[in-house]
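Asker: Got a structure for you, written out below as structure tokens; questions coming shortly.
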Amino acid sequence: MLTVDFDRLGLLAGDRVLDMGCGAGRHAFEMYRRGADVIAFDQDADELARVGELFAAMRAEGEVPAGGDADIKEGDALALPFADGEFDRIVAAEVLEHIPADIQAIDELVRVLRPGGTLAVSVPRWFPEIVCWKLSEDYHNTPGGHIRIYSDKELVGKMRNAGLEFDGKDHAHGLHTPYWWIKCAVGVRKDDHPLAKAYHQILVWDIMKRPLATRAAEAVLNPVMGKSMVLYFHKPA
């Protein structure tokens with residue numbers, strides 16, 4: 001389930017790319033499949049190990065074009081262990097809402113992006129997120145959980161203050177918003193609740209099958225209630 005549009009990001013085969021806060025690696029894997037030179041970066045060593053294993057499996061299965069490369073790196077988003085201007089593209093998907101010192105993290109992203117390079121950052125969208133917060137304290141009051149809700153104006157302003165130019169925005173995962181509202185209403189840890197379980201099965205089916213009907217439904221829902229807000233920027237040359 002991808003949040004970032006790599007065509008809009010301008011991703012090309014051979015690009016040096018950072019997936020900052022890669023989590024389980026969903027964006028890193030797709031960029032690797034497109035022939036990029038990918039660094040999957042996170043502070044969770046166990047999750048990174050699994051990402052590295054899947055990188056190796058992709059190579060073994062011949063899923064990667066010639067020239068594509070991938071590696072993992074553990075570290076702190078507030079002190080990225082990379083040279084200035086090292087990356088052509090950067091993805092930071094659903095990360096900044098977890099980081100108390102978000103301005104410092106943004107400064108680090110800008111530092112390691114080359115002049116002329118592009119960056120995509122996604123965060124939970126204000127309206128769906130505020131509903132989740134009002135429905136459930138447990139949704140956000142957890143260690144490592146969401147500590148803020150961004151408006152587009154606030155996040156664009158912070159990125160511009162760090163030296164980036166704004167290129168536009170999208171919204172994604174409109175079908176996922178009702179699922180999280182259900183979870184917050186019945187209990188975020190109650191995965192076996194009949195309503196939450198049934199909706200989750202629909203989402204899994206949609207991800208696996210990608211039927212035309214749900215693609216059309218999400219295209220309608222995304223501008224109205226897409227769960228994620230995706231912002232695109234470039235660093236002036």
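By convention here, the chains of the structure tokens are called A, B, ... in the order presented, each chain's residues are numbered starting at 1, and ligands are numbered starting at 1 in the order presented.
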Excluding Ala40 (chain A) and residues on its chain fewer than 2 positions from it, collect all residues at most 12 Å away from it, counting only C-alpha atoms, and give them as a ChimeraX atom specification.
Answerer: /A:16-32,36-38,42-45,47-52,54-55,69-75,90-93
Asker: Would you pick out the contacts of Leu231 (chain A) at 12 Å or less, using only C-alpha atoms, so that residues sharing its chain but fewer than 6 positions from it are not included, and give the list as a VMD selection string?
Answerer: chain A and resid 3 to 5 8 to 9 90 to 94 118 to 125 150 to 160 164 to 172
Asker: Could you write out the selected residues, including C-alpha atoms, as a PDB file, in the first residue's frame?
Answerer:
```pdb
ATOM      1  CA  THR A   3       1.215   6.593  -0.173  1.00  0.00           C
ATOM      2  CA  VAL A   4       3.758   8.457  -2.299  1.00  0.00           C
ATOM      3  CA  ASP A   5       3.417   8.900  -6.078  1.00  0.00           C
ATOM      4  CA  ARG A   8       5.305  12.903  -9.116  1.00  0.00           C
ATOM      5  CA  LEU A   9       8.433  12.633  -6.969  1.00  0.00           C
ATOM      6  CA  ILE A  90      13.802  11.499  -0.137  1.00  0.00           C
ATOM      7  CA  VAL A  91      10.620   9.901   1.174  1.00  0.00           C
ATOM      8  CA  ALA A  92       9.442  10.542   4.753  1.00  0.00           C
ATOM      9  CA  ALA A  93       6.086   8.780   4.989  1.00  0.00           C
ATOM     10  CA  GLU A  94       4.059   8.954   8.221  1.00  0.00           C
ATOM     11  CA  THR A 118      12.896  16.264  -4.538  1.00  0.00           C
ATOM     12  CA  LEU A 119      11.223  15.193  -1.315  1.00  0.00           C
ATOM     13  CA  ALA A 120       7.827  13.689  -0.510  1.00  0.00           C
ATOM     14  CA  VAL A 121       6.508  13.844   3.034  1.00  0.00           C
ATOM     15  CA  SER A 122       3.230  12.359   4.198  1.00  0.00           C
ATOM     16  CA  VAL A 123       1.436  12.794   7.523  1.00  0.00           C
ATOM     17  CA  PRO A 124      -2.073  12.007   8.761  1.00  0.00           C
ATOM     18  CA  ARG A 125      -4.552  14.501   7.360  1.00  0.00           C
ATOM     19  CA  TYR A 150      -0.563  18.964  11.076  1.00  0.00           C
ATOM     20  CA  SER A 151      -2.522  21.286   8.884  1.00  0.00           C
ATOM     21  CA  ASP A 152      -1.212  21.602   5.350  1.00  0.00           C
ATOM     22  CA  LYS A 153      -0.417  25.273   5.978  1.00  0.00           C
ATOM     23  CA  GLU A 154       1.670  24.471   9.057  1.00  0.00           C
ATOM     24  CA  LEU A 155       3.729  21.720   7.454  1.00  0.00           C
ATOM     25  CA  VAL A 156       4.278  23.588   4.191  1.00  0.00           C
ATOM     26  CA  GLY A 157       5.432  26.567   6.251  1.00  0.00           C
ATOM     27  CA  LYS A 158       7.936  24.490   8.209  1.00  0.00           C
ATOM     28  CA  MET A 159       9.338  22.933   5.030  1.00  0.00           C
ATOM     29  CA  ARG A 160       9.623  26.314   3.324  1.00  0.00           C
ATOM     30  CA  LEU A 164      12.390  23.898   0.250  1.00  0.00           C
ATOM     31  CA  GLU A 165       9.967  24.963  -2.486  1.00  0.00           C
ATOM     32  CA  PHE A 166       6.431  23.551  -2.409  1.00  0.00           C
ATOM     33  CA  ASP A 167       5.348  21.638  -5.521  1.00  0.00           C
ATOM     34  CA  GLY A 168       1.866  20.459  -4.563  1.00  0.00           C
ATOM     35  CA  LYS A 169      -0.123  17.964  -2.525  1.00  0.00           C
ATOM     36  CA  ASP A 170      -2.252  14.837  -2.770  1.00  0.00           C
ATOM     37  CA  HIS A 171      -4.428  12.847  -0.405  1.00  0.00           C
ATOM     38  CA  ALA A 172      -4.392   9.077  -0.116  1.00  0.00           C
TER      39      ALA A 172
END
```
Asker: Would you list, as JSON, numbers by chain, the residues of region 72-217 of chain A that end up in strand (DSSP E or B) under DSSP run on this structure's backbone?
Answerer: {"A": [72, 73, 74, 87, 88, 89, 90, 91, 92, 93, 113, 114, 115, 116, 117, 118, 119, 120, 121, 122, 123, 124, 165, 166, 167, 168, 169, 170, 171, 172]}
Asker: Could you please determine the separation between CA of Gln104 (chain A) and CA of Gly163 (chain A) in Å, to one decimal place?
Answerer: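 Between these atoms lies a distance of 12.9 Å.
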Asker: Excluding region 212-220 of chain A and any residue of its chain fewer than 6 positions from it, enumerate the residues within 8 Å of it, using only C-alpha atoms, and give them as a PDB file with C-alpha atoms, in the first residue's frame.
Answerer:
```pdb
ATOM      1  CA  HIS A 173      -6.129   6.112   1.541  1.00  0.00           C
ATOM      2  CA  GLY A 174      -9.681   7.401   1.692  1.00  0.00           C
ATOM      3  CA  LEU A 175     -10.959   3.859   2.252  1.00  0.00           C
ATOM      4  CA  ASP A 206      -8.772  -4.304  -1.820  1.00  0.00           C
TER       5      ASP A 206
END
```
Asker: Taking only C-alpha atoms into account, name the residue in A:Gly68, A:Leu2, A:Ile202, A:Gly117 that is nearest to Phe87 (chain A).
Answerer: A:Gly117
